[in-house]
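Participant: For reference, this is entry30.cif, and it has mmCIF, C-alpha atoms.
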data_query
#
loop_
_atom_site.label_atom_id
_atom_site.label_comp_id
_atom_site.auth_asym_id
_atom_site.auth_seq_id
_atom_site.Cartn_x
_atom_site.Cartn_y
_atom_site.Cartn_z
CA MET Y 19 23.86 20.93 19.18
CA SER Y 20 22.14 20.98 22.54
CA ASN Y 21 23.93 22.60 25.46
CA GLU Y 22 22.03 20.50 27.99
CA ASN Y 23 24.79 18.18 29.16
CA THR Y 24 24.39 15.52 31.81
CA SER Y 25 28.06 14.72 32.35
CA ILE Y 26 31.60 15.99 31.90
CA ALA Y 27 34.72 14.33 30.46
CA SER Y 28 38.09 15.17 32.02
CA VAL Y 29 41.42 15.17 30.20
CA SER Y 30 44.89 15.57 31.71
CA ILE Y 31 48.13 15.67 29.75
CA ASP Y 32 51.62 14.52 30.91
CA ASN Y 33 50.29 13.73 34.38
CA ASP Y 34 49.72 17.44 34.87
CA SER Y 35 47.65 18.19 37.91
CA THR Y 36 45.50 20.40 35.68
CA SER Y 37 42.38 18.65 34.46
CA PHE Y 38 40.55 20.00 31.43
CA LYS Y 39 36.79 19.61 31.35
CA PHE Y 40 34.69 18.96 28.25
CA PRO Y 41 30.92 18.54 28.05
CA VAL Y 42 29.41 15.18 27.08
CA VAL Y 43 26.47 15.65 24.73
CA SER Y 44 23.68 13.11 24.24
CA GLY Y 45 21.74 12.65 21.02
CA THR Y 46 18.24 11.21 20.77
CA MET Y 47 19.83 7.82 19.97
CA GLY Y 48 23.33 6.42 19.75
CA PRO Y 49 26.57 6.96 21.68
CA ASP Y 50 27.24 10.16 23.61
CA VAL Y 51 29.86 12.50 22.17
CA ILE Y 52 32.53 14.52 23.93
CA ASP Y 53 32.42 18.11 22.70
CA ILE Y 54 36.11 18.88 22.16
CA ARG Y 55 35.74 22.05 20.10
CA SER Y 56 37.71 23.99 22.71
CA LEU Y 57 40.37 21.25 23.11
CA HIS Y 58 43.15 23.03 21.20
CA LYS Y 59 42.43 26.37 22.78
CA GLU Y 60 42.62 24.92 26.28
CA THR Y 61 45.33 22.26 25.88
CA GLN Y 62 47.26 23.18 22.69
CA ALA Y 63 46.66 19.58 21.60
CA PHE Y 64 44.65 17.95 18.79
CA THR Y 65 43.02 14.53 18.67
CA TYR Y 66 44.35 11.89 16.27
CA ASP Y 67 41.65 9.82 14.55
CA PRO Y 68 42.58 8.52 11.06
CA GLY Y 69 39.43 7.84 9.08
CA PHE Y 70 37.40 9.79 11.67
CA THR Y 71 36.03 6.50 12.97
CA SER Y 72 35.54 7.90 16.48
CA THR Y 73 34.73 11.49 15.53
CA ALA Y 74 31.30 13.06 15.05
CA SER Y 75 31.85 15.70 12.37
CA CYS Y 76 28.37 17.17 12.65
CA SER Y 77 24.97 16.84 14.27
CA SER Y 78 22.23 15.53 12.02
CA LYS Y 79 18.53 14.61 12.10
CA ILE Y 80 18.47 12.60 8.88
CA THR Y 81 19.82 9.06 9.24
CA PHE Y 82 20.68 6.87 12.22
CA ILE Y 83 22.69 3.64 12.20
CA ASP Y 84 23.31 1.19 15.03
CA GLY Y 85 25.81 -1.23 13.51
CA ASP Y 86 25.83 -3.61 16.46
CA LYS Y 87 22.05 -4.10 16.37
CA GLY Y 88 21.64 -3.91 12.58
CA ILE Y 89 19.44 -0.80 12.68
CA LEU Y 90 19.07 1.78 9.89
CA LEU Y 91 16.53 4.60 10.26
CA TYR Y 92 15.63 7.39 7.83
CA ARG Y 93 14.18 10.27 9.87
CA GLY Y 94 13.28 7.72 12.55
CA TYR Y 95 11.56 5.23 10.22
CA PRO Y 96 13.05 1.70 9.98
CA ILE Y 97 14.45 0.92 6.54
CA GLU Y 98 12.50 -2.36 6.53
CA GLN Y 99 9.17 -0.50 6.70
CA LEU Y 100 10.13 2.13 4.14
CA ALA Y 101 11.33 -0.47 1.63
CA LYS Y 102 8.08 -2.44 1.92
CA LYS Y 103 5.50 0.35 2.29
CA CYS Y 104 6.93 3.31 0.33
CA ASP Y 105 8.35 4.01 -3.09
CA PHE Y 106 11.56 5.86 -3.81
CA LEU Y 107 10.03 9.30 -4.30
CA GLU Y 108 8.16 9.01 -0.99
CA THR Y 109 11.52 8.24 0.59
CA CYS Y 110 13.07 11.24 -1.17
CA TYR Y 111 10.37 13.51 0.22
CA LEU Y 112 10.97 12.10 3.69
CA LEU Y 113 14.73 12.66 3.57
CA LEU Y 114 14.35 16.19 2.24
CA ASN Y 115 11.49 17.33 4.46
CA GLY Y 116 11.65 15.25 7.62
CA GLU Y 117 8.17 13.72 7.35
CA LEU Y 118 6.43 11.28 5.04
CA PRO Y 119 4.18 13.09 2.55
CA LYS Y 120 0.42 13.20 2.68
CA GLY Y 121 -1.55 12.53 -0.50
CA ARG Y 122 -1.60 16.07 -1.82
CA GLU Y 123 2.03 16.73 -0.84
CA MET Y 124 3.11 13.58 -2.66
CA LYS Y 125 1.20 14.53 -5.79
CA GLU Y 126 2.80 17.98 -5.85
CA PHE Y 127 6.26 16.52 -5.25
CA VAL Y 128 5.91 13.98 -8.07
CA THR Y 129 4.73 16.77 -10.39
CA GLN Y 130 7.81 18.82 -9.48
CA ILE Y 131 10.13 15.90 -10.16
CA THR Y 132 8.56 14.90 -13.47
CA SER Y 133 8.59 18.48 -14.75
CA HIS Y 134 12.39 18.61 -14.36
CA THR Y 135 13.43 15.29 -15.92
CA LEU Y 136 14.68 16.77 -19.21
CA ILE Y 137 18.20 18.14 -19.40
CA HIS Y 138 19.36 21.18 -21.38
CA ASP Y 139 20.21 20.21 -24.95
CA GLN Y 140 23.60 21.91 -24.70
CA LEU Y 141 24.37 19.67 -21.72
CA THR Y 142 23.75 16.73 -24.06
CA THR Y 143 26.33 18.24 -26.43
CA PHE Y 144 28.74 18.48 -23.50
CA LEU Y 145 28.18 14.78 -22.74
CA HIS Y 146 29.01 13.94 -26.36
CA GLY Y 147 32.47 15.41 -25.82
CA PHE Y 148 33.54 12.38 -23.78
CA ARG Y 149 35.16 9.35 -25.38
CA ARG Y 150 32.74 6.56 -26.22
CA ASP Y 151 34.54 4.22 -23.84
CA ALA Y 152 34.58 6.68 -20.91
CA HIS Y 153 33.46 5.18 -17.61
CA PRO Y 154 29.91 6.33 -16.71
CA MET Y 155 31.20 7.72 -13.40
CA ALA Y 156 33.71 9.93 -15.22
CA ILE Y 157 30.87 11.31 -17.33
CA LEU Y 158 28.64 11.80 -14.27
CA VAL Y 159 31.32 13.76 -12.40
CA GLY Y 160 31.68 16.11 -15.37
CA VAL Y 161 28.03 16.49 -16.36
CA ILE Y 162 26.68 17.03 -12.84
CA GLY Y 163 29.40 19.56 -12.10
CA ALA Y 164 28.63 21.32 -15.39
CA MET Y 165 24.98 21.75 -14.39
CA SER Y 166 26.05 24.79 -12.35
CA ALA Y 167 26.90 26.53 -15.63
CA PHE Y 168 23.27 26.18 -16.72
CA TYR Y 169 21.68 27.42 -13.49
CA HIS Y 170 24.17 30.09 -12.44
CA GLN Y 171 21.38 32.57 -11.75
CA ASP Y 172 20.19 30.68 -8.66
CA LEU Y 173 23.35 29.37 -6.99
CA ASP Y 174 23.06 31.42 -3.81
CA VAL Y 175 23.31 28.61 -1.26
CA ARG Y 176 21.88 30.83 1.49
CA ASN Y 177 18.59 31.12 -0.39
CA GLU Y 178 16.31 28.33 0.88
CA GLU Y 179 14.12 28.39 -2.24
CA TYR Y 180 17.15 28.00 -4.52
CA ARG Y 181 18.30 25.03 -2.47
CA LYS Y 182 14.90 23.35 -2.88
CA ILE Y 183 14.99 23.91 -6.64
CA ALA Y 184 18.50 22.43 -6.86
CA ALA Y 185 17.35 19.35 -4.94
CA ILE Y 186 14.43 18.78 -7.32
CA ARG Y 187 16.64 19.23 -10.38
CA LEU Y 188 19.27 16.81 -9.21
CA ILE Y 189 16.83 14.07 -8.20
CA ALA Y 190 14.82 14.50 -11.41
CA LYS Y 191 17.69 14.68 -13.89
CA MET Y 192 20.01 12.05 -12.48
CA PRO Y 193 18.13 9.05 -14.04
CA THR Y 194 18.07 10.82 -17.41
CA ILE Y 195 21.81 11.47 -17.28
CA VAL Y 196 22.71 7.96 -16.06
CA ALA Y 197 20.64 6.41 -18.86
CA MET Y 198 22.27 8.76 -21.38
CA CYS Y 199 25.72 7.67 -20.19
CA HIS Y 200 24.82 4.08 -21.03
CA LYS Y 201 23.22 4.88 -24.38
CA TYR Y 202 26.17 7.03 -25.40
CA SER Y 203 28.80 4.38 -24.67
CA ALA Y 204 26.64 1.72 -26.36
CA GLY Y 205 26.18 3.86 -29.48
CA SER Y 206 22.41 3.65 -29.11
CA PRO Y 207 19.89 6.47 -29.57
CA MET Y 208 19.13 8.31 -26.35
CA MET Y 209 15.62 8.14 -24.99
CA TYR Y 210 13.75 11.15 -23.67
CA PRO Y 211 12.00 10.66 -20.32
CA LYS Y 212 8.30 9.83 -20.40
CA ASN Y 213 6.65 11.66 -17.55
CA SER Y 214 3.57 9.46 -17.41
CA LEU Y 215 5.76 6.71 -15.94
CA GLY Y 216 6.98 6.36 -12.38
CA TYR Y 217 10.55 7.19 -11.40
CA SER Y 218 12.02 3.67 -11.70
CA GLU Y 219 9.84 2.74 -14.68
CA ASN Y 220 11.02 5.83 -16.50
CA PHE Y 221 14.66 4.97 -15.85
CA MET Y 222 14.24 1.38 -17.05
CA ARG Y 223 12.57 2.64 -20.23
CA MET Y 224 15.32 5.20 -20.89
CA LEU Y 225 17.96 2.53 -20.24
CA HIS Y 226 16.52 -0.39 -22.21
CA GLY Y 227 14.03 1.20 -24.62
CA ASN Y 228 14.55 2.39 -28.16
CA PRO Y 229 12.57 4.71 -30.48
CA CYS Y 230 11.43 1.84 -32.70
CA GLU Y 231 9.09 0.16 -30.26
CA ASP Y 232 7.27 0.66 -26.99
CA TYR Y 233 8.97 -0.49 -23.81
CA LEU Y 234 6.71 -2.42 -21.46
CA PRO Y 235 8.03 -2.18 -17.89
CA ASN Y 236 7.88 -5.32 -15.78
CA PRO Y 237 6.42 -4.36 -12.36
CA VAL Y 238 8.53 -6.92 -10.49
CA LEU Y 239 11.72 -5.57 -12.02
CA THR Y 240 10.86 -1.90 -11.59
CA ARG Y 241 9.90 -2.52 -7.97
CA ALA Y 242 13.26 -4.27 -7.47
CA LEU Y 243 15.08 -1.22 -8.82
CA ASP Y 244 12.94 1.06 -6.66
CA ARG Y 245 13.93 -0.95 -3.59
CA ILE Y 246 17.61 -0.71 -4.49
CA LEU Y 247 17.24 3.06 -4.70
CA ILE Y 248 15.48 3.22 -1.30
CA LEU Y 249 18.10 1.07 0.41
CA HIS Y 250 20.94 3.24 -0.93
CA ALA Y 251 19.30 6.66 -0.54
CA ASP Y 252 21.33 7.66 2.52
CA HIS Y 253 23.73 6.07 4.98
CA GLU Y 254 24.73 8.64 7.56
CA GLN Y 255 28.23 10.21 7.40
CA ASN Y 256 29.86 7.80 4.95
CA ALA Y 257 32.85 8.81 2.81
CA SER Y 258 30.92 10.37 -0.09
CA THR Y 259 28.41 12.16 2.16
CA SER Y 260 31.24 13.55 4.27
CA THR Y 261 32.89 14.70 1.03
CA VAL Y 262 29.73 16.51 -0.04
CA ARG Y 263 29.47 18.19 3.36
CA LEU Y 264 33.14 19.17 3.33
CA ALA Y 265 32.88 20.68 -0.15
CA GLY Y 266 29.65 22.41 0.79
CA SER Y 267 31.20 23.91 3.92
CA SER Y 268 33.20 26.26 1.70
CA GLY Y 269 29.99 27.63 0.16
CA ALA Y 270 30.37 25.67 -3.08
CA ASN Y 271 27.22 25.27 -5.17
CA PRO Y 272 25.14 22.06 -4.85
CA TYR Y 273 26.03 20.72 -8.30
CA ALA Y 274 29.75 20.99 -7.56
CA CYS Y 275 29.22 19.37 -4.16
CA VAL Y 276 27.26 16.41 -5.54
CA SER Y 277 29.93 16.03 -8.22
CA THR Y 278 32.52 15.58 -5.46
CA GLY Y 279 30.29 12.97 -3.85
CA ILE Y 280 30.13 11.06 -7.14
CA ALA Y 281 33.92 11.17 -7.43
CA CYS Y 282 34.30 9.76 -3.92
CA LEU Y 283 31.64 7.10 -4.50
CA TRP Y 284 33.59 5.91 -7.54
CA GLY Y 285 36.22 4.35 -5.26
CA ALA Y 286 36.17 0.56 -5.15
CA ALA Y 287 36.09 0.60 -1.34
CA HIS Y 288 32.88 2.63 -1.38
CA GLY Y 289 30.47 2.47 -4.31
CA GLY Y 290 32.17 -0.17 -6.41
CA ALA Y 291 31.58 -3.08 -4.07
CA ASN Y 292 28.61 -4.61 -5.91
CA GLU Y 293 30.54 -4.60 -9.19
CA ALA Y 294 33.42 -6.28 -7.32
CA VAL Y 295 31.04 -9.04 -6.22
CA LEU Y 296 30.30 -9.99 -9.82
CA LEU Y 297 33.99 -9.91 -10.72
CA MET Y 298 34.64 -12.27 -7.80
CA LEU Y 299 31.89 -14.65 -8.92
CA GLU Y 300 33.33 -14.69 -12.42
CA GLU Y 301 36.76 -15.44 -10.95
CA ILE Y 302 35.37 -18.38 -8.95
CA GLY Y 303 33.70 -19.54 -12.15
CA ASP Y 304 31.86 -22.66 -11.02
CA VAL Y 305 30.16 -24.16 -7.96
CA SER Y 306 32.83 -26.86 -7.88
CA ASN Y 307 35.47 -24.22 -7.15
CA ILE Y 308 33.77 -22.68 -4.10
CA ASP Y 309 35.56 -24.78 -1.46
CA LEU Y 310 38.93 -23.76 -2.91
CA PHE Y 311 38.08 -20.07 -2.79
CA ILE Y 312 36.59 -20.36 0.70
CA GLU Y 313 39.93 -21.73 1.88
CA LYS Y 314 41.75 -18.93 0.06
CA ALA Y 315 39.56 -16.39 1.85
CA LYS Y 316 40.44 -17.93 5.22
CA ASP Y 317 44.18 -17.92 4.46
CA LYS Y 318 45.73 -14.76 5.94
CA ASN Y 319 48.61 -15.01 3.48
CA ASP Y 320 46.36 -15.15 0.42
CA PRO Y 321 45.35 -11.75 -1.05
CA PHE Y 322 41.98 -13.13 -2.25
CA LYS Y 323 38.96 -11.67 -0.46
CA LEU Y 324 35.32 -12.65 -0.61
CA MET Y 325 33.53 -9.51 -1.73
CA GLY Y 326 30.05 -8.71 -0.45
CA PHE Y 327 30.49 -10.18 3.03
CA GLY Y 328 30.70 -8.20 6.24
CA HIS Y 329 30.45 -4.42 6.64
CA ARG Y 330 32.53 -1.71 8.27
CA VAL Y 331 29.55 -0.33 10.19
CA TYR Y 332 27.24 -3.33 10.62
CA LYS Y 333 28.92 -5.74 13.03
CA ASN Y 334 25.94 -8.08 13.28
CA PHE Y 335 23.94 -8.00 10.04
CA ASP Y 336 23.14 -5.45 7.37
CA PRO Y 337 19.36 -4.80 7.55
CA ARG Y 338 19.40 -3.81 3.88
CA ALA Y 339 20.79 -7.22 2.94
CA THR Y 340 17.74 -9.04 4.33
CA LEU Y 341 15.47 -6.93 2.12
CA MET Y 342 17.76 -7.20 -0.88
CA ARG Y 343 17.94 -10.99 -0.53
CA GLU Y 344 14.15 -11.15 -0.73
CA THR Y 345 14.16 -8.93 -3.82
CA CYS Y 346 16.96 -10.98 -5.37
CA HIS Y 347 14.95 -14.19 -5.22
CA GLU Y 348 11.81 -12.44 -6.52
CA VAL Y 349 13.72 -11.18 -9.56
CA LEU Y 350 15.45 -14.49 -10.29
CA THR Y 351 12.12 -16.31 -10.08
CA GLU Y 352 10.37 -13.76 -12.29
CA LEU Y 353 13.06 -14.06 -14.97
CA GLY Y 354 13.51 -17.82 -14.62
CA LEU Y 355 17.19 -17.41 -13.79
CA GLU Y 356 17.40 -19.81 -10.84
CA GLU Y 357 19.45 -22.18 -13.03
CA ASP Y 358 21.74 -19.50 -14.45
CA LYS Y 359 25.35 -20.54 -13.75
CA LEU Y 360 26.45 -17.30 -12.10
CA PHE Y 361 23.31 -16.96 -10.01
CA LYS Y 362 23.49 -20.58 -8.84
CA LEU Y 363 27.09 -19.94 -7.86
CA ALA Y 364 26.09 -16.86 -5.86
CA MET Y 365 23.30 -18.69 -4.02
CA GLU Y 366 25.58 -21.61 -3.16
CA LEU Y 367 28.26 -19.25 -1.89
CA GLU Y 368 25.64 -17.50 0.23
CA LYS Y 369 24.49 -20.83 1.69
CA ILE Y 370 28.00 -21.94 2.61
CA ALA Y 371 28.93 -18.57 4.13
CA LEU Y 372 25.80 -18.57 6.32
CA GLU Y 373 26.60 -22.05 7.64
CA ASP Y 374 30.40 -21.96 7.89
CA GLU Y 375 31.67 -21.49 11.47
CA TYR Y 376 34.50 -19.20 10.29
CA PHE Y 377 32.09 -16.71 8.73
CA ILE Y 378 29.60 -16.96 11.58
CA ALA Y 379 32.31 -16.32 14.20
CA LYS Y 380 33.58 -13.29 12.33
CA LYS Y 381 30.04 -12.15 11.52
CA LEU Y 382 30.82 -12.05 7.81
CA TYR Y 383 27.24 -12.14 6.64
CA PRO Y 384 26.25 -11.29 3.07
CA ASN Y 385 25.76 -7.53 2.82
CA VAL Y 386 23.57 -5.41 0.55
CA ASP Y 387 26.27 -5.26 -2.14
CA PHE Y 388 26.31 -9.04 -2.50
CA TYR Y 389 22.66 -9.12 -3.51
CA SER Y 390 22.34 -5.77 -5.30
CA GLY Y 391 25.02 -6.68 -7.82
CA ILE Y 392 23.19 -9.91 -8.63
CA VAL Y 393 19.86 -8.08 -8.98
CA LEU Y 394 21.29 -5.32 -11.18
CA ARG Y 395 22.84 -7.92 -13.48
CA ALA Y 396 19.50 -9.71 -13.68
CA LEU Y 397 17.85 -6.40 -14.62
CA GLY Y 398 20.12 -6.27 -17.67
CA ILE Y 399 22.25 -3.43 -16.31
CA PRO Y 400 25.94 -3.54 -17.30
CA SER Y 401 28.37 -3.76 -14.40
CA ASP Y 402 30.15 -0.50 -15.24
CA LEU Y 403 26.82 1.27 -14.60
CA PHE Y 404 26.30 -0.17 -11.11
CA THR Y 405 28.06 2.65 -9.27
CA ALA Y 406 26.24 5.25 -11.36
CA ILE Y 407 22.93 3.78 -10.19
CA PHE Y 408 24.26 3.93 -6.63
CA ALA Y 409 24.93 7.64 -7.27
CA MET Y 410 21.40 8.04 -8.62
CA ALA Y 411 20.05 6.62 -5.35
CA ARG Y 412 22.41 8.51 -3.06
CA THR Y 413 21.82 11.92 -4.70
CA VAL Y 414 18.84 12.61 -2.44
CA GLY Y 415 20.87 11.75 0.64
CA TRP Y 416 23.74 13.98 -0.45
CA ILE Y 417 21.48 16.94 -1.16
CA ALA Y 418 19.51 16.47 2.09
CA GLN Y 419 22.73 16.33 4.10
CA TRP Y 420 24.12 19.35 2.23
CA ASP Y 421 20.95 21.36 2.85
CA GLU Y 422 20.98 20.46 6.54
CA MET Y 423 24.61 21.56 6.82
CA ILE Y 424 23.97 24.91 5.10
CA SER Y 425 21.03 25.53 7.47
CA ASP Y 426 23.03 24.66 10.59
CA PRO Y 427 23.98 27.83 12.55
CA GLU Y 428 27.03 25.98 13.92
CA GLN Y 429 28.32 25.16 10.43
CA LYS Y 430 31.94 26.10 9.73
CA ILE Y 431 34.26 25.47 6.83
CA GLY Y 432 35.81 22.02 7.24
CA ARG Y 433 39.43 22.15 8.33
CA PRO Y 434 40.79 18.85 9.76
CA ARG Y 435 44.08 18.98 11.63
CA GLN Y 436 47.07 16.66 11.30
CA LEU Y 437 49.86 14.92 13.17
CA TYR Y 438 52.93 16.31 11.38
CA MET Y 439 55.77 13.78 11.03
CA GLY Y 440 57.95 15.56 8.49
CA ALA Y 441 61.28 17.38 8.75
CA LYS Y 442 61.77 20.11 11.33
CA LYS Y 443 62.53 23.66 10.25
CA ARG Y 444 65.75 23.88 8.23
CA ASP Y 445 67.55 26.40 6.05
CA VAL Y 446 67.82 26.26 2.27
CA ILE Y 447 71.38 25.81 0.97
CA SER Y 448 72.15 27.17 -2.50
CA ILE Y 449 72.30 24.53 -5.25
CA SER Y 450 76.05 24.94 -5.70
CA GLN Y 451 76.67 23.87 -2.09
CA ARG Y 452 74.33 20.88 -1.89
#
Please express what this file holds, its structure, as structure tokens.
Facilitator:
Amino acid sequence: MSNENTSIASVSIDNDSTSFKFPVVSGTMGPDVIDIRSLHKETQAFTYDPGFTSTASCSSKITFIDGDKGILLYRGYPIEQLAKKCDFLETCYLLLNGELPKGREMKEFVTQITSHTLIHDQLTTFLHGFRRDAHPMAILVGVIGAMSAFYHQDLDVRNEEYRKIAAIRLIAKMPTIVAMCHKYSAGSPMMYPKNSLGYSENFMRMLHGNPCEDYLPNPVLTRALDRILILHADHEQNASTSTVRLAGSSGANPYACVSTGIACLWGAAHGGANEAVLLMLEEIGDVSNIDLFIEKAKDKNDPFKLMGFGHRVYKNFDPRATLMRETCHEVLTELGLEEDKLFKLAMELEKIALEDEYFIAKKLYPNVDFYSGIVLRALGIPSDLFTAIFAMARTVGWIAQWDEMISDPEQKIGRPRQLYMGAKKRDVISISQR
């Protein structure tokens, strides 16, 4: 963090005449931050910020979000340009290295990724130890964490070369493992990766292919998946990324850290939102029921919520949603699904929400989850695999953030404080006298 401060924040407690001074630090973009690292030492007080919504836990050069203006940048590049001009592996290279790759750099990076797509056969045996009906996220948490047992010789997180190797392994193997989770629960034969295919093509083949016949990837569908991966690759200090950083601050290995990120992502409030959108559409059932459910959503006393509308960070519009909407219509047109009952319902709900004064006033625009769930369903991906694909996309963001944290000379083990509201000190009375 830069020590070049342009202003000072003053804090006084209990109307004390003493005023405590704290530097205000400016980033390249976004709000200034008050550096309160010495707050407790100087005042014997902590700050109270449940959810850390007003707290910068770190400095970072990777991703920037301006929720009020609907801006999302990866290393300074607008998400709209990356999604239209780059593929997912180009985006991975950018997040990991800070710059977009040149031709030769890209070729070398793709070669590195494709040479690590296979997983150790004993790891496959480990995967087979789960119940057939295990949720894919439960399997992912276990299998990714177990990867550290197969690469224990290079887990020194202070070694930059080892960190690079871990990043390549995780990005390369995640599609293979996610596809294996699906095949295992479906009772279908698992497909080995085919390294002559691109990243998203390879995943679609491993997911939908079988050994009996060749799988012919549809370029419209594989590009749609690639765009989903780009749009979900990183999103600043969200819950799962913060979890990865917190775990990594203790010196834990990258596989364990990414496993914690997967566990956090599994929560319905985080990574499960696009699956929740489909469940909501199925609950609504038919276009004729939309008005009823719109009224339910407006009723403060009704627990029903419209999923896929609004966003905690984006208070205007989600820039990813605009791109995902375009992809959604491309996929539905390609597959001839415009008349599908569920998709027609989704499009009608979108239309009403964009025109209804209640939603406009509250800025409850369709977000990326609304469209991505529809697209993933159209791609033939089962809903219980949606969050696993989110994890596949976010792996590069997690590992880039983890690597940045390890390299940061100001990095310390995470240790949030608390506002204690429990009992005061008291003495233990023997059980016979209680």
Participant: Between atom CA of Arg187 of chain Y and atom CA of Ser166 of chain Y, what is the spacing in Å?
Facilitator: 11.1 Å
Participant: Let me know the residues the PyMOL selection byres ((chain Y and resi 256) around 12) catches in the file above, as a PyMOL selection string.
Facilitator: chain Y and resi 69-71+74-75+81-83+250-255+257-264+279+282-283+287-289+330-331+412+415-416+419
Participant: One number please: atom CA of Ile431 of chain Y to atom CA of Ala274 of chain Y, in Å, one decimal.
Facilitator: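 Taking atom CA of Ile431 of chain Y and atom CA of Ala274 of chain Y, their separation equals 15.7 Å.
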Participant: Care to translate the PyMOL selection byres ((chain Y and resi 41) around 6) into actual residues of this file, as a ChimeraX atom specification?
Facilitator: /Y:26,40,42,52-53
Participant: Nearest to Val159 of chain Y among Y:Thr351, Y:Thr340, Y:Thr405, Y:Ser218, with distances taken over all atoms listed in the file: which residue is it?
Facilitator: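 Of Y:Thr351, Y:Thr340, Y:Thr405, Y:Ser218, the one nearest Val159 of chain Y, counting all atoms listed in the file, is Y:Thr405.
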Participant: Could you pull the residues within 9 Å of Ala411 of chain Y, counting all atoms listed in the file, minus those fewer than 2 positions along the same chain, as a PyMOL selection string?
Facilitator: chain Y and resi 106+189+192+246-252+406-409+413-415
Participant: Grab the residues selected above and save them as a PDB file, in the coordinates of the input with C-alpha atoms.
Facilitator:
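Okay, result00.pdb is ready:
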ATOM      1  CA  PHE Y 106      11.560   5.860  -3.810  1.00  0.00           C
ATOM      2  CA  ILE Y 189      16.830  14.070  -8.200  1.00  0.00           C
ATOM      3  CA  MET Y 192      20.010  12.050 -12.480  1.00  0.00           C
ATOM      4  CA  ILE Y 246      17.610  -0.710  -4.490  1.00  0.00           C
ATOM      5  CA  LEU Y 247      17.240   3.060  -4.700  1.00  0.00           C
ATOM      6  CA  ILE Y 248      15.480   3.220  -1.300  1.00  0.00           C
ATOM      7  CA  LEU Y 249      18.100   1.070   0.410  1.00  0.00           C
ATOM      8  CA  HIS Y 250      20.940   3.240  -0.930  1.00  0.00           C
ATOM      9  CA  ALA Y 251      19.300   6.660  -0.540  1.00  0.00           C
ATOM     10  CA  ASP Y 252      21.330   7.660   2.520  1.00  0.00           C
ATOM     11  CA  ALA Y 406      26.240   5.250 -11.360  1.00  0.00           C
ATOM     12  CA  ILE Y 407      22.930   3.780 -10.190  1.00  0.00           C
ATOM     13  CA  PHE Y 408      24.260   3.930  -6.630  1.00  0.00           C
ATOM     14  CA  ALA Y 409      24.930   7.640  -7.270  1.00  0.00           C
ATOM     15  CA  THR Y 413      21.820  11.920  -4.700  1.00  0.00           C
ATOM     16  CA  VAL Y 414      18.840  12.610  -2.440  1.00  0.00           C
ATOM     17  CA  GLY Y 415      20.870  11.750   0.640  1.00  0.00           C
TER      18      GLY Y 415
END
Participant: Produce a table with one row for each residue of segment 247-328 of chain Y that has an atom at most 9 Å from any atom of segment 374-385 of chain Y, each row naming the nearest atom pair and its distance in Å at one decimal; use all atoms listed in the file; arrange rows by chain and rising residue number; format as JSON lines.
Facilitator:
{"residue": "Y:Lys316", "atom": "CA", "partner": "Y:Tyr376", "partner_atom": "CA", "distance": 7.9}
{"residue": "Y:Met325", "atom": "CA", "partner": "Y:Pro384", "partner_atom": "CA", "distance": 8.9}
{"residue": "Y:Gly326", "atom": "CA", "partner": "Y:Asn385", "partner_atom": "CA", "distance": 5.5}
{"residue": "Y:Phe327", "atom": "CA", "partner": "Y:Pro384", "partner_atom": "CA", "distance": 4.4}
{"residue": "Y:Gly328", "atom": "CA", "partner": "Y:Leu382", "partner_atom": "CA", "distance": 4.2}
Participant: Using all atoms listed in the file, can you tell me which of Y:Gly160, Y:Phe404, Y:Phe322, Y:Leu397 comes closest to Leu350 of chain Y?
Facilitator: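 Using all atoms listed in the file, the shortest distance to Leu350 of chain Y belongs to Y:Leu397.
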Participant: What's around Lys323 of chain Y at 9 Å? Count only C-alpha atoms, leave out sequence neighbours fewer than 2 positions away in its own chain, and write the answer as a list of chain:residue names.
Facilitator: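 Those residues are Y:Met298, Y:Phe311, Y:Lys314, Y:Ala315, Y:Lys316, Y:Asp320, Y:Pro321, Y:Met325.
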Participant: Ranking Y:Gly163, Y:Arg433, Y:Met224, Y:Phe148 by minimum distance to Ser206 of chain Y and counting only C-alpha atoms, which one comes first?
Facilitator: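 Using only C-alpha atoms, the shortest distance to Ser206 of chain Y belongs to Y:Met224.
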Participant: Taking the file as shown, what set of residues would the PyMOL selection byres ((chain Y and resi 365-369) around 9) give back, as a PyMOL selection string?
Facilitator: chain Y and resi 305+308+312+360-364+370-374+383-384+388
Participant: Quick one: residues within 12 Å of (15.7, 9.1, -22.7) (file frame), counting only C-alpha atoms, please, as a PyMOL selection string.
Facilitator: chain Y and resi 135-137+142+191-202+206-213+219-229+233
Participant: How far is it from atom CA of Asn271 of chain Y to atom CA of Leu173 of chain Y, in Å with one decimal?
Facilitator: 5.9 Å
Participant: What's around Leu394 of chain Y at 8 Å? Count only C-alpha atoms, leave out sequence neighbours fewer than 5 positions away in its own chain, and write the answer as a VMD selection string.
Facilitator: chain Y and resid 243 399 to 401 404
Participant: Pick out the closest residue to Cys104 of chain Y from this set: Y:Asp244, Y:Asp402, Y:Glu123, Y:Glu356. Count all atoms listed in the file.
Facilitator: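 Looking only at the distances to Cys104 of chain Y, the closest residue turns out to be Y:Asp244.
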Participant: Tell me which of Y:Gly216, Y:Gly269, Y:Pro337, Y:Gly285 sits closest to Ile89 of chain Y, counting all atoms listed in the file.
Facilitator: Y:Pro337
Participant: Out of Y:Leu112, Y:Leu403, Y:Ile302, Y:Ala27, which residue has the shortest atom-to-atom distance to Ala152 of chain Y when counting all atoms listed in the file?
Facilitator: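 With all atoms listed in the file as the atom set, the closest residue is Y:Leu403.
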Participant: Please provide as a CSV table (one decimal) with C-alpha atoms, in the frame of the given file all residues within 7 Å of Arg93 of chain Y, with the sequence filter that same-chain residues fewer than 5 positions apart are discarded (counting only C-alpha atoms).
Facilitator:
chain,number,residue,atom,x,y,z
Y,79,LYS,CA,18.5,14.6,12.1
Y,80,ILE,CA,18.5,12.6,8.9
Y,81,THR,CA,19.8,9.1,9.2
Y,113,LEU,CA,14.7,12.7,3.6
Y,116,GLY,CA,11.6,15.2,7.6
